[in-house]
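Source file: structure_3.txt; contents: compact mmCIF, C-alpha atoms.
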```
# COMPACT_ATOMS: atom_id res chain seq x y z
CA MET E 1 92.32 69.67 69.28
CA ILE E 2 90.46 71.62 71.88
CA THR E 3 89.53 75.15 70.92
CA PHE E 4 89.33 77.89 73.47
CA THR E 5 86.81 80.68 73.27
CA LEU E 6 87.69 84.16 74.43
CA TRP E 7 85.43 83.57 77.41
CA ASP E 8 87.36 80.44 78.41
CA ILE E 9 90.57 82.45 78.43
CA LEU E 10 89.09 85.39 80.27
CA ARG E 11 87.41 83.23 82.90
CA ASN E 12 90.65 81.46 83.75
CA LEU E 13 92.52 84.73 83.96
CA LEU E 14 89.88 86.27 86.20
CA LEU E 15 90.02 83.26 88.52
CA ALA E 16 93.76 83.80 88.90
CA THR E 17 93.24 87.53 89.46
CA ARG E 18 91.88 86.66 92.92
CA TRP E 19 95.39 85.68 93.98
CA THR E 20 96.87 88.86 92.61
CA ILE E 21 94.37 90.80 94.72
CA VAL E 22 94.93 88.72 97.86
CA LEU E 23 98.69 89.01 97.56
CA SER E 24 98.47 92.76 96.95
CA VAL E 25 96.30 93.31 100.02
CA VAL E 26 98.56 91.16 102.20
CA SER E 27 101.66 92.98 100.97
CA PHE E 28 100.08 96.39 101.42
CA VAL E 29 98.83 95.74 104.94
CA GLY E 30 101.95 93.84 106.05
CA GLY E 31 104.25 96.34 104.38
CA GLY E 32 102.35 99.17 106.02
CA MET E 33 102.82 97.67 109.48
CA VAL E 34 106.52 96.95 109.02
CA GLY E 35 106.89 100.35 107.38
CA LEU E 36 105.31 102.12 110.34
CA GLY E 37 107.78 100.43 112.67
CA LEU E 38 110.65 101.42 110.40
CA LEU E 39 109.32 104.98 110.23
CA PHE E 40 109.68 105.30 114.00
CA LEU E 41 113.24 104.00 113.72
CA ARG E 42 113.99 106.28 110.78
CA ILE E 43 113.05 109.46 112.66
CA SER E 44 114.16 108.29 116.09
CA LYS E 45 116.66 110.20 118.15
CA ARG E 46 118.99 107.22 118.37
CA ARG E 47 121.64 107.28 115.71
CA ALA E 48 121.87 103.46 115.50
CA ALA E 49 118.12 103.12 114.90
CA ARG E 50 118.22 105.80 112.19
CA ALA E 51 121.19 104.11 110.54
CA PHE E 52 119.50 100.70 110.60
CA ALA E 53 116.36 102.02 108.92
CA LYS E 54 118.43 103.98 106.42
CA TYR E 55 120.48 100.96 105.35
CA TYR E 56 117.37 98.79 105.25
CA ILE E 57 115.73 101.23 102.85
CA GLU E 58 118.90 101.59 100.79
CA LEU E 59 119.18 97.81 100.51
CA PHE E 60 115.59 97.13 99.49
CA GLN E 61 115.28 100.14 97.18
CA GLY E 62 118.68 99.54 95.61
CA THR E 63 118.20 95.91 94.59
CA PRO E 64 115.71 94.35 92.19
CA LEU E 65 112.51 92.97 93.70
CA LEU E 66 113.08 89.86 91.59
CA MET E 67 116.38 89.19 93.39
CA GLN E 68 114.70 89.66 96.76
CA LEU E 69 112.11 87.09 95.70
CA PHE E 70 114.81 84.66 94.60
CA ILE E 71 116.68 85.01 97.88
CA ALA E 72 113.50 84.50 99.89
CA PHE E 73 112.51 81.51 97.77
CA PHE E 74 115.82 79.70 97.14
CA GLY E 75 117.91 81.23 99.88
CA LEU E 76 115.80 80.24 102.87
CA GLY E 77 115.51 76.73 101.53
CA ILE E 78 119.15 75.96 102.21
CA PHE E 79 118.64 76.44 105.94
CA GLY E 80 116.33 73.48 105.83
CA ILE E 81 113.20 75.61 105.77
CA ASP E 82 110.74 74.45 103.16
CA VAL E 83 109.53 77.65 101.58
CA PRO E 84 106.32 77.49 99.57
CA ALA E 85 106.05 80.07 96.79
CA TRP E 86 103.23 81.99 98.46
CA LEU E 87 105.28 82.44 101.64
CA ALA E 88 108.37 83.65 99.80
CA ALA E 89 106.21 85.94 97.67
CA GLY E 90 104.40 87.42 100.65
CA LEU E 91 107.57 87.85 102.70
CA ALA E 92 109.58 89.52 99.94
CA LEU E 93 106.74 91.82 98.92
CA ILE E 94 106.07 92.87 102.52
CA LEU E 95 109.73 93.69 103.18
CA TRP E 96 110.07 95.46 99.81
CA SER E 97 106.95 97.58 100.16
CA ALA E 98 107.86 98.44 103.76
CA ALA E 99 111.05 100.12 102.52
CA PHE E 100 109.20 102.29 100.01
CA LEU E 101 106.33 103.14 102.37
CA THR E 102 108.77 104.20 105.10
CA GLU E 103 110.52 106.57 102.73
CA ILE E 104 107.22 108.01 101.48
CA TRP E 105 105.95 108.52 105.02
CA ARG E 106 109.19 110.03 106.23
CA GLY E 107 108.78 112.72 103.59
CA CYS E 108 105.26 113.34 104.88
CA VAL E 109 106.36 113.57 108.51
CA GLU E 110 109.12 115.99 107.52
CA ALA E 111 106.59 118.06 105.60
CA VAL E 112 104.85 118.85 108.88
CA ALA E 113 106.11 122.24 110.00
CA LYS E 114 108.93 122.16 112.53
CA GLY E 115 107.02 124.52 114.78
CA GLN E 116 104.52 121.74 115.42
CA TRP E 117 107.24 119.63 117.07
CA GLU E 118 108.40 122.59 119.11
CA ALA E 119 104.88 123.57 120.12
CA SER E 120 104.01 120.07 121.26
CA ALA E 121 107.33 119.77 123.08
CA SER E 122 106.57 123.00 124.88
CA LEU E 123 103.31 121.44 126.05
CA GLY E 124 105.43 118.86 127.83
CA MET E 125 104.59 115.99 125.49
CA GLY E 126 106.92 113.03 125.17
CA ARG E 127 108.15 112.01 121.75
CA LEU E 128 105.55 109.28 121.33
CA GLN E 129 102.78 111.64 122.38
CA GLN E 130 104.02 114.26 119.94
CA MET E 131 103.86 111.70 117.15
CA ARG E 132 100.52 110.30 118.23
CA TYR E 133 98.58 113.51 118.84
CA VAL E 134 100.27 116.19 116.78
CA ILE E 135 102.50 114.99 113.96
CA LEU E 136 100.90 111.80 112.61
CA PRO E 137 97.37 113.21 112.23
CA GLN E 138 98.78 116.01 110.08
CA ALA E 139 101.23 113.78 108.22
CA LEU E 140 98.46 111.30 107.48
CA ARG E 141 96.61 113.87 105.43
CA ILE E 142 99.68 114.46 103.27
CA ALA E 143 100.49 110.75 103.15
CA ILE E 144 97.21 109.43 101.72
CA PRO E 145 97.68 110.32 98.02
CA PRO E 146 101.25 108.97 97.64
CA THR E 147 100.37 105.87 99.67
CA VAL E 148 97.43 105.08 97.41
CA GLY E 149 99.73 105.78 94.46
CA PHE E 150 102.28 103.30 95.78
CA SER E 151 99.66 100.57 96.05
CA VAL E 152 99.75 100.51 92.24
CA GLN E 153 103.43 99.58 92.43
CA ILE E 154 102.54 96.72 94.76
CA VAL E 155 99.89 95.33 92.42
CA LYS E 156 102.40 95.48 89.58
CA GLY E 157 105.09 94.00 91.82
CA THR E 158 102.97 90.89 92.44
CA ALA E 159 103.44 90.03 88.75
CA LEU E 160 107.04 89.07 89.54
CA THR E 161 105.94 86.34 91.94
CA SER E 162 104.88 84.34 88.89
CA ILE E 163 108.59 83.79 88.24
CA ILE E 164 109.06 81.80 91.45
CA GLY E 165 105.95 79.83 90.65
CA PHE E 166 103.15 81.56 92.54
CA VAL E 167 100.04 81.16 90.40
CA GLU E 168 98.50 84.58 90.02
CA LEU E 169 97.42 86.61 87.01
CA SER E 170 100.79 86.67 85.21
CA LYS E 171 101.47 82.98 85.76
CA ALA E 172 97.95 82.17 84.60
CA GLY E 173 98.69 84.24 81.49
CA THR E 174 101.75 82.11 80.74
CA VAL E 175 99.88 78.86 81.42
CA VAL E 176 96.91 79.86 79.28
CA THR E 177 99.26 80.98 76.49
CA ASN E 178 100.95 77.59 76.53
CA ALA E 179 97.57 75.91 76.20
CA THR E 180 96.02 78.17 73.57
CA PHE E 181 98.96 79.44 71.52
CA GLN E 182 97.39 82.89 71.48
CA PRO E 183 99.97 85.07 73.24
CA PHE E 184 98.72 88.28 71.67
CA THR E 185 95.17 87.86 72.98
CA VAL E 186 96.15 86.40 76.33
CA TYR E 187 98.82 88.94 77.29
CA GLY E 188 96.60 91.71 75.93
CA LEU E 189 93.83 90.57 78.27
CA VAL E 190 96.27 90.17 81.17
CA ALA E 191 97.46 93.73 80.62
CA LEU E 192 93.86 94.96 80.52
CA ILE E 193 93.02 93.20 83.80
CA TYR E 194 96.08 94.74 85.49
CA PHE E 195 95.03 98.08 84.05
CA ALA E 196 91.53 97.63 85.46
CA LEU E 197 93.05 96.95 88.90
CA CYS E 198 95.62 99.74 88.86
CA TRP E 199 94.02 102.59 86.99
CA PRO E 200 91.28 103.30 89.57
CA LEU E 201 94.01 103.43 92.23
CA SER E 202 96.16 105.82 90.18
CA LYS E 203 93.17 107.99 89.39
CA SER E 204 91.97 108.16 92.99
CA SER E 205 95.50 109.03 94.09
CA GLN E 206 95.47 111.99 91.69
CA ILE E 207 92.01 113.08 92.78
CA LEU E 208 92.91 112.81 96.47
CA GLU E 209 96.05 114.83 95.86
CA ARG E 210 94.06 117.61 94.27
CA LYS E 211 91.37 117.54 96.97
CA LEU E 212 93.69 117.44 99.96
CA ASN E 213 95.95 120.09 98.47
CA VAL E 214 93.06 122.46 97.88
CA ALA E 215 91.99 121.96 101.47
CA HIS E 216 95.55 122.68 102.50
CA ARG E 217 95.72 125.91 100.55
CA ASN E 218 92.57 127.25 102.21
CA HIS E 219 94.08 127.09 105.67
CA MET A 1 121.43 72.05 109.49
CA SER A 2 124.64 73.77 108.69
CA TYR A 3 125.42 75.43 105.42
CA HIS A 4 128.90 76.50 104.47
CA PHE A 5 129.08 79.67 102.52
CA GLU A 6 131.72 79.70 99.88
CA PHE A 7 132.09 82.48 97.41
CA GLY A 8 135.47 81.68 95.86
CA TRP A 9 134.13 79.23 93.28
CA LEU A 10 132.01 82.01 91.81
CA LEU A 11 135.17 83.40 90.23
CA GLN A 12 135.12 80.68 87.61
CA TYR A 13 131.82 82.11 86.37
CA TYR A 14 133.45 85.47 85.81
CA PRO A 15 132.72 85.45 82.02
CA GLU A 16 128.98 84.90 82.52
CA ILE A 17 128.74 87.49 85.27
CA SER A 18 130.68 90.17 83.40
CA LYS A 19 128.64 89.56 80.26
CA GLY A 20 125.49 89.88 82.35
CA ILE A 21 126.67 93.17 83.84
CA LEU A 22 127.49 94.52 80.37
CA ILE A 23 124.06 93.63 79.04
CA THR A 24 122.34 95.17 82.06
CA LEU A 25 124.40 98.32 81.46
CA GLU A 26 123.54 98.29 77.77
CA LEU A 27 119.85 97.97 78.60
CA ILE A 28 119.94 100.97 80.90
CA LEU A 29 122.05 103.03 78.48
CA VAL A 30 119.76 102.42 75.50
CA GLY A 31 116.66 102.57 77.68
CA GLY A 32 117.86 105.71 79.44
CA VAL A 33 118.84 107.73 76.37
CA LEU A 34 115.98 106.71 74.09
CA GLY A 35 113.46 106.48 76.92
CA ILE A 36 114.12 110.00 78.19
CA SER A 37 114.09 111.32 74.60
CA LEU A 38 110.70 109.67 74.08
CA GLY A 39 109.61 111.08 77.42
CA ILE A 40 110.60 114.62 76.36
CA CYS A 41 108.61 114.30 73.11
CA CYS A 42 105.57 112.93 74.96
CA ALA A 43 105.83 115.59 77.66
CA TRP A 44 105.93 118.26 74.96
CA VAL A 45 102.77 116.83 73.41
CA ARG A 46 100.96 116.59 76.75
CA ALA A 47 101.90 120.08 77.86
CA LEU A 48 102.05 122.14 74.66
CA GLY A 49 101.41 119.89 71.69
CA PRO A 50 98.53 119.61 69.19
CA VAL A 51 95.17 118.80 70.74
CA TRP A 52 94.46 115.72 68.60
CA LEU A 53 97.68 114.04 69.71
CA LYS A 54 97.13 114.56 73.44
CA PRO A 55 94.68 111.70 74.06
CA VAL A 56 96.96 109.27 72.19
CA VAL A 57 99.93 110.09 74.38
CA ALA A 58 97.76 110.13 77.51
CA ALA A 59 96.49 106.63 76.69
CA TYR A 60 100.04 105.38 76.13
CA VAL A 61 101.25 106.83 79.43
CA GLU A 62 98.31 105.53 81.46
CA LEU A 63 98.47 102.08 79.92
CA ILE A 64 102.18 101.63 80.57
CA ARG A 65 102.12 103.10 84.06
CA ASN A 66 99.28 100.83 85.17
CA THR A 67 100.54 97.48 83.89
CA PRO A 68 103.52 95.44 85.11
CA PHE A 69 106.78 95.65 83.17
CA LEU A 70 106.82 91.84 82.98
CA ILE A 71 103.56 91.80 81.04
CA GLN A 72 104.75 94.57 78.70
CA LEU A 73 107.84 92.50 78.04
CA PHE A 74 105.83 89.31 77.39
CA PHE A 75 103.45 91.20 75.15
CA ILE A 76 106.30 92.57 73.06
CA PHE A 77 108.28 89.33 72.92
CA PHE A 78 105.56 86.69 72.70
CA GLY A 79 102.56 88.71 71.53
CA LEU A 80 103.91 90.88 68.73
CA PRO A 81 105.19 87.99 66.54
CA SER A 82 101.56 87.16 65.77
CA LEU A 83 101.40 90.60 64.13
CA GLY A 84 104.46 89.60 62.12
CA LEU A 85 106.93 91.52 64.27
CA GLN A 86 109.53 89.03 65.42
CA LEU A 87 112.17 90.52 67.72
CA SER A 88 115.31 89.03 69.23
CA GLU A 89 115.42 88.75 73.03
CA LEU A 90 117.73 91.70 73.41
CA THR A 91 115.82 93.94 70.99
CA ALA A 92 112.56 93.10 72.74
CA ALA A 93 114.14 93.84 76.12
CA ASN A 94 115.52 97.16 74.88
CA LEU A 95 112.20 98.12 73.31
CA ALA A 96 110.33 97.31 76.53
CA MET A 97 112.79 99.43 78.54
CA VAL A 98 112.38 102.41 76.19
CA VAL A 99 108.60 102.15 76.12
CA ASN A 100 108.44 101.81 79.91
CA LEU A 101 110.82 104.62 80.79
CA GLY A 102 109.28 106.82 78.10
CA ALA A 103 105.90 106.74 79.84
CA TYR A 104 107.28 107.36 83.34
CA SER A 105 109.69 110.10 82.33
CA CYS A 106 106.92 111.78 80.31
CA GLU A 107 104.92 112.40 83.47
CA ILE A 108 107.96 113.59 85.41
CA ILE A 109 109.13 115.96 82.66
CA ARG A 110 105.61 117.26 82.12
CA ALA A 111 105.50 118.26 85.78
CA GLY A 112 108.73 120.20 85.20
CA ILE A 113 107.35 121.95 82.12
CA GLN A 114 104.13 122.86 83.85
CA ALA A 115 106.06 124.34 86.76
CA THR A 116 107.70 126.80 84.35
CA PRO A 117 106.43 130.33 84.99
CA LYS A 118 104.18 131.71 82.24
CA GLY A 119 106.48 134.69 81.96
CA GLN A 120 109.14 132.45 80.44
CA PHE A 121 106.89 131.62 77.49
CA GLU A 122 105.97 135.28 77.10
CA ALA A 123 109.62 136.27 77.26
CA GLY A 124 110.42 133.77 74.50
CA GLU A 125 107.56 135.11 72.41
CA SER A 126 108.71 138.68 72.87
CA LEU A 127 112.12 137.66 71.50
CA ALA A 128 110.27 136.52 68.35
CA LEU A 129 111.06 132.86 69.01
CA THR A 130 108.58 130.33 67.66
CA ARG A 131 106.73 128.10 70.11
CA PHE A 132 109.14 125.27 69.40
CA GLU A 133 112.23 127.46 69.79
CA THR A 134 110.90 128.77 73.07
CA PHE A 135 110.42 125.22 74.26
CA ARG A 136 113.83 124.11 73.08
CA HIS A 137 115.89 127.05 74.30
CA VAL A 138 113.95 128.61 77.16
CA VAL A 139 111.74 125.99 78.78
CA LEU A 140 113.32 122.56 78.36
CA VAL A 141 116.63 122.89 80.21
CA PRO A 142 115.29 124.60 83.35
CA SER A 143 112.41 122.09 83.39
CA LEU A 144 114.81 119.15 83.21
CA GLN A 145 116.98 120.73 85.86
CA ARG A 146 113.98 121.07 88.16
CA ILE A 147 112.99 117.40 87.88
CA TRP A 148 116.43 115.85 87.43
CA PRO A 149 116.49 114.17 90.88
CA ALA A 150 113.09 112.56 90.28
CA LEU A 151 114.12 111.50 86.79
CA SER A 152 117.35 110.00 88.14
CA SER A 153 115.52 107.87 90.68
CA GLN A 154 113.15 106.69 87.97
CA VAL A 155 116.10 105.62 85.82
CA VAL A 156 117.50 103.66 88.77
CA ILE A 157 114.10 102.02 89.35
CA VAL A 158 113.89 101.02 85.69
CA MET A 159 117.44 99.64 85.82
CA LEU A 160 116.47 97.42 88.77
CA GLY A 161 113.27 96.45 86.97
CA SER A 162 115.36 95.25 84.04
CA ALA A 163 116.15 92.10 86.07
CA VAL A 164 112.91 90.77 84.64
CA VAL A 165 114.24 90.56 81.07
CA SER A 166 116.00 87.34 82.07
CA GLN A 167 112.55 85.78 81.74
CA ILE A 168 112.63 86.08 77.95
CA ALA A 169 116.20 84.73 78.00
CA ALA A 170 117.92 88.07 77.46
CA GLU A 171 121.29 87.37 79.05
CA ASP A 172 121.47 90.09 81.68
CA LEU A 173 122.89 89.87 85.19
CA THR A 174 119.87 87.99 86.54
CA PHE A 175 120.16 85.51 83.70
CA ALA A 176 123.77 84.89 84.74
CA ALA A 177 122.66 84.34 88.34
CA ASN A 178 119.99 81.89 87.23
CA PHE A 179 122.52 80.12 85.03
CA ILE A 180 124.96 79.71 87.90
CA GLN A 181 122.17 78.58 90.20
CA SER A 182 121.01 75.91 87.78
CA ARG A 183 124.58 74.65 87.26
CA THR A 184 125.67 74.50 90.89
CA PHE A 185 122.46 74.50 92.98
CA ARG A 186 124.14 77.08 95.20
CA ALA A 187 121.30 79.55 94.99
CA PHE A 188 122.18 81.63 98.01
CA GLU A 189 125.68 82.59 96.89
CA ALA A 190 124.65 83.22 93.29
CA TYR A 191 121.77 85.51 94.23
CA ILE A 192 123.54 87.28 97.09
CA VAL A 193 126.46 88.19 94.85
CA SER A 194 124.29 89.37 91.97
CA THR A 195 122.10 91.34 94.37
CA ALA A 196 125.23 93.02 95.72
CA ILE A 197 126.30 93.85 92.15
CA TYR A 198 122.88 95.37 91.47
CA LEU A 199 123.18 97.45 94.63
CA ALA A 200 126.60 98.68 93.54
CA LEU A 201 125.25 99.44 90.05
CA ALA A 202 122.33 101.38 91.52
CA ILE A 203 124.62 103.48 93.72
CA LEU A 204 127.02 104.03 90.81
CA LEU A 205 124.21 104.96 88.42
CA ARG A 206 122.88 107.52 90.88
CA GLN A 207 126.34 109.11 91.14
CA VAL A 208 126.78 109.15 87.37
CA LEU A 209 123.37 110.73 86.83
CA GLY A 210 124.24 113.33 89.45
CA LEU A 211 127.46 114.12 87.58
CA ILE A 212 125.62 114.33 84.25
CA GLY A 213 123.19 116.77 85.81
CA TRP A 214 126.08 118.80 87.17
CA PHE A 215 127.64 119.03 83.68
CA ILE A 216 124.63 119.70 81.47
CA PHE A 217 122.79 122.20 83.63
CA PRO A 218 124.03 125.74 84.00
CA ARG A 219 125.23 126.21 87.55
CA ARG A 220 123.49 128.97 89.39
CA THR A 221 125.92 130.93 91.48
CA ALA A 222 123.40 132.77 93.59
CA ARG A 223 119.88 131.84 94.57
```

This entry written out as C-alpha cells:
Amino acid sequence: MITFTLWDILRNLLLATRWTIVLSVVSFVGGGMVGLGLLFLRISKRRAARAFAKYYIELFQGTPLLMQLFIAFFGLGIFGIDVPAWLAAGLALILWSAAFLTEIWRGCVEAVAKGQWEASASLGMGRLQQMRYVILPQALRIAIPPTVGFSVQIVKGTALTSIIGFVELSKAGTVVTNATFQPFTVYGLVALIYFALCWPLSKSSQILERKLNVAHRNH
Amino acid sequence: MSYHFEFGWLLQYYPEISKGILITLELILVGGVLGISLGICCAWVRALGPVWLKPVVAAYVELIRNTPFLIQLFFIFFGLPSLGLQLSELTAANLAMVVNLGAYSCEIIRAGIQATPKGQFEAGESLALTRFETFRHVVLVPSLQRIWPALSSQVVIVMLGSAVVSQIAAEDLTFAANFIQSRTFRAFEAYIVSTAIYLALAILLRQVLGLIGWFIFPRRTAR
C-alpha cells in the first residue's frame, strides 16, 4: 500500500487551489461587469428595466447557488449544448455574484445624498453624466469595503462547483480523501487553505471600512 | 433539437419531494433556533463576556465565516468519525447548520449590542441589576430588534445554503431533486421545480421571520 506524507496531501491540494483562485477571479470580474449593467437597470427611470433587475435579483438571491449550478450544468445540456463543468461553473457563479453585487452597489448609490443628484441635474447634466461624474465616484468610496467583503462569499461559493465535477480545492479534497483515507487531516487542511484565501479579504474589508468611514466623518 | 417540457409526471414523486421539503424545513428550524441562541451567547462573550473567552469565540467566528459550508459539513461528517464521533447524516447536517449560523448571527447580534447607548447599561446598573440582568432585560431585546432584518436575511441565506447537505446524503429537497434526476434523466424539470420550491420557501421564510419580529418586539407607537 502506498503511504502518503502530509506534504503529498498538501501539495496536491495546493495545486488544485489554483483553480479555486482562477474561478473566483473570473466570477468576481464577470459578476462585476454584469452587476454594473444590472445596477444601471435597477436605478433606471424606466419601470420595466427596474422590474427586470428586481426580479433577477430576487430570483438569484432567493434560490440556492447549488440549484443554479445544476440548472446550468444539466439544464443547458438538454438543448443539445455540451456544457463542460468549468463553463457551467463560471456561468452560474457570474450570474449569481452579479445579483448580489448589484444589490450591494444599489445601496451605495442610494447612500449618496439626494442633493448630489439635484445639484448635478441643475448643472444640466444628463443621467449618464450624473452617474459618471458625480454619483459613481462618491458611491465607489462607500462600495469598496462591502465589495471586498463579498469576494469572500465568491471564494466560498466556488466550493460548490466541486459537486458538478469541476476539480478545484474541494473536489481535490474529496479525491485525496478517497486515496488516503484521512478525512480529518485532508478536510482540515482544505479548510485552512480556504481560510488563508478568505481571511485576508475579510480583514482588509474591515480595515477599509474603518479607514473610509473615518475619512467620511472628517468631511 | 427540440425538447418537450412536461411537468405532470413529477406528481408521482410527490412523496420524495414533500419529504425533502420537510427535512429542509427541519434543518432551518433547528438551525435557526439553536444557531441564533448560540449566536446570542457568542455575541455576549464578544461584547461583554470574560476576557479569556473572547479569543476562543473570535477564532470560532473567523474560522467559520472564512471557510465554505460544504467543507464544514464534510469535516463534521467525514472528519469527526476519526475522533470517534460518528454522526448520522441528518445530525451532521443539523450540527453544521447550527455551527454555521451561530458564527454569522454572532457578528450580526454583536453589532446590535455595540450600537446600544452606554446610558442603557448605566440605567440598568442604577436599578441595581447585575450585568447579566441588564443584558437580559435591558440590552438584548432592543439589540435584536435593531438587527432583526439583517438576521432574517442571514437565516434565509443559510436555508438556501442547506441545499449542500444533499452531498452527505441527508434527504433534503435537493436530494429529492437529484433522486428524481437520476431516475428519469429529466434534469431540467426536476431542478426547475425544486428551485421554484426553494424560491417560495425563501419568500415564505422572510414573511414568517417578519411576523415573528412583529410579535416578539415591543411596538413603538411614536418615534

List every protein, DNA or RNA residue that has at least one atom no more than 12 Å from (114.6, 106.5, 101.5) in the file's coordinates, counting all atoms listed in the file, and write the result as a short mmCIF file (atom, residue, chain, number, x, y, z; two decimals) with C-alpha atoms, in the frame of the given file.
```
data_model
loop_
_atom_site.label_atom_id
_atom_site.label_comp_id
_atom_site.auth_asym_id
_atom_site.auth_seq_id
_atom_site.Cartn_x
_atom_site.Cartn_y
_atom_site.Cartn_z
CA GLY E 35 106.89 100.35 107.38
CA LEU E 38 110.65 101.42 110.40
CA LEU E 39 109.32 104.98 110.23
CA ARG E 42 113.99 106.28 110.78
CA ILE E 43 113.05 109.46 112.66
CA ARG E 50 118.22 105.80 112.19
CA ALA E 51 121.19 104.11 110.54
CA PHE E 52 119.50 100.70 110.60
CA ALA E 53 116.36 102.02 108.92
CA LYS E 54 118.43 103.98 106.42
CA TYR E 55 120.48 100.96 105.35
CA TYR E 56 117.37 98.79 105.25
CA ILE E 57 115.73 101.23 102.85
CA GLU E 58 118.90 101.59 100.79
CA LEU E 59 119.18 97.81 100.51
CA PHE E 60 115.59 97.13 99.49
CA GLN E 61 115.28 100.14 97.18
CA GLY E 62 118.68 99.54 95.61
CA SER E 97 106.95 97.58 100.16
CA ALA E 98 107.86 98.44 103.76
CA ALA E 99 111.05 100.12 102.52
CA PHE E 100 109.20 102.29 100.01
CA LEU E 101 106.33 103.14 102.37
CA THR E 102 108.77 104.20 105.10
CA GLU E 103 110.52 106.57 102.73
CA ILE E 104 107.22 108.01 101.48
CA TRP E 105 105.95 108.52 105.02
CA ARG E 106 109.19 110.03 106.23
CA GLY E 107 108.78 112.72 103.59
CA SER A 153 115.52 107.87 90.68
#
```

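Straight-line separation from CA of Leu173 in chain A to CA of Ser194 in chain A: 6.9 Å.
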
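Proximity to Pro81 in chain A at 12 Å, evaluated using only C-alpha atoms and with sequence-adjacent residues fewer than 2 positions away removed, yields E:Phe181, E:Gln182, E:Pro183, E:Phe184, E:Thr185, A:Phe74, A:Phe75, A:Ile76, A:Phe77, A:Phe78, A:Gly79, A:Leu83, A:Gly84, A:Leu85, A:Gln86, A:Leu87, A:Ser88, A:Ala92.
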
> Using all atoms listed in the file, which of the listed residues (A:Met97, A:Leu27, A:Val208, A:Leu70) sits closest to Pro149 in chain A?
Replying inline: A:Val208

>> Need the shell around range 12-24 of chain A: protein/DNA/RNA residues with any atom at most 12 Å away, counting all atoms listed in the file. Skip same-chain ones fewer than 6 positions apart. Format as a PyMOL selection string?
In response: chain A and resi 30-32+89-91+93-94+97+156+158-166+169-181+183-184+190-191+193-198+200-202+205

> What separation in Å, quoted to one decimal, exists between CA of Gly188 in chain E and CA of Asn66 in chain A?
Replying inline: 13.3 Å

> Of the residues A:Arg219, A:Arg131, A:Arg46, A:Arg65, which is the one nearest to chain E, using all atoms listed in the file?
Replying inline: A:Arg65

> Could you write out as a PyMOL selection string the residues of chain E within 7 Å of chain A, counting all atoms listed in the file?
Replying inline: chain E and resi 62-64+66-67+71+74-75+79-80+156+159+183-184+187-188+191+194-195+198-199

>> List the spatial neighbours of Ala172 in chain E as number ranges by chain - criterion: any atom at most 12 Å away, only C-alpha atoms, same-chain residues fewer than 2 positions off excluded.
In response: E: 9-20, 159, 161-163, 165-170, 174-180, 183, 186-187, 189-190; A: 71

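Minimum atom-to-atom distance to Lys118 in chain A, evaluated using all atoms listed in the file, belongs to A:Thr134 out of A:Glu6, A:Thr134, A:Cys42, A:Phe217.
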
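The spacing separating CA of Leu211 in chain A from CA of Ile109 in chain A amounts to 19.1 Å.
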
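For the point (97.9, 103.8, 93.3) in file coordinates, the residues within 8 Å, using all atoms listed in the file, are Pro146, Thr147, Val148, Gly149, Phe150, Ser151, Val152, Gln153, Cys198, Trp199, Pro200, Leu201, Ser202, Lys203, Ser204 and Ser205 of chain E.
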
Using the selection just defined, write its residues with C-alpha atoms as a short mmCIF file (atom, residue, chain, number, x, y, z; two decimals), in the frame of the given file.
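Written out: selection15.cif:
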```cif
data_model
loop_
_atom_site.label_atom_id
_atom_site.label_comp_id
_atom_site.auth_asym_id
_atom_site.auth_seq_id
_atom_site.Cartn_x
_atom_site.Cartn_y
_atom_site.Cartn_z
CA PRO E 146 101.25 108.97 97.64
CA THR E 147 100.37 105.87 99.67
CA VAL E 148 97.43 105.08 97.41
CA GLY E 149 99.73 105.78 94.46
CA PHE E 150 102.28 103.30 95.78
CA SER E 151 99.66 100.57 96.05
CA VAL E 152 99.75 100.51 92.24
CA GLN E 153 103.43 99.58 92.43
CA CYS E 198 95.62 99.74 88.86
CA TRP E 199 94.02 102.59 86.99
CA PRO E 200 91.28 103.30 89.57
CA LEU E 201 94.01 103.43 92.23
CA SER E 202 96.16 105.82 90.18
CA LYS E 203 93.17 107.99 89.39
CA SER E 204 91.97 108.16 92.99
CA SER E 205 95.50 109.03 94.09
#
```

Return as AutoDock Vina command-line options the centre and edge lengths, in Å with one decimal, of the box along x, y and z that encloses every atom of range 84-93 of chain A in the file, padded by 4 Å per side.
```
--center_x 111.1 --center_y 91.3 --center_z 69.1 --size_x 21.3 --size_y 13.2 --size_z 22.0
```

>> At a cut-off of 9 Å, using all atoms listed in the file, what residues contact range 47-53 of chain A? Leave out same-chain residues fewer than 5 positions from it and give the result as a ChimeraX atom specification.
In response: /A:42,58,110-111,113-114,131,135

>> At a cut-off of 12 Å, using only C-alpha atoms, what residues contact Ile36 in chain A? Leave out same-chain residues fewer than 4 positions from it and give the result as a VMD selection string.
In response: chain A and resid 28 to 32 40 to 43 97 to 110 144 148 151 to 152 154 to 155 158
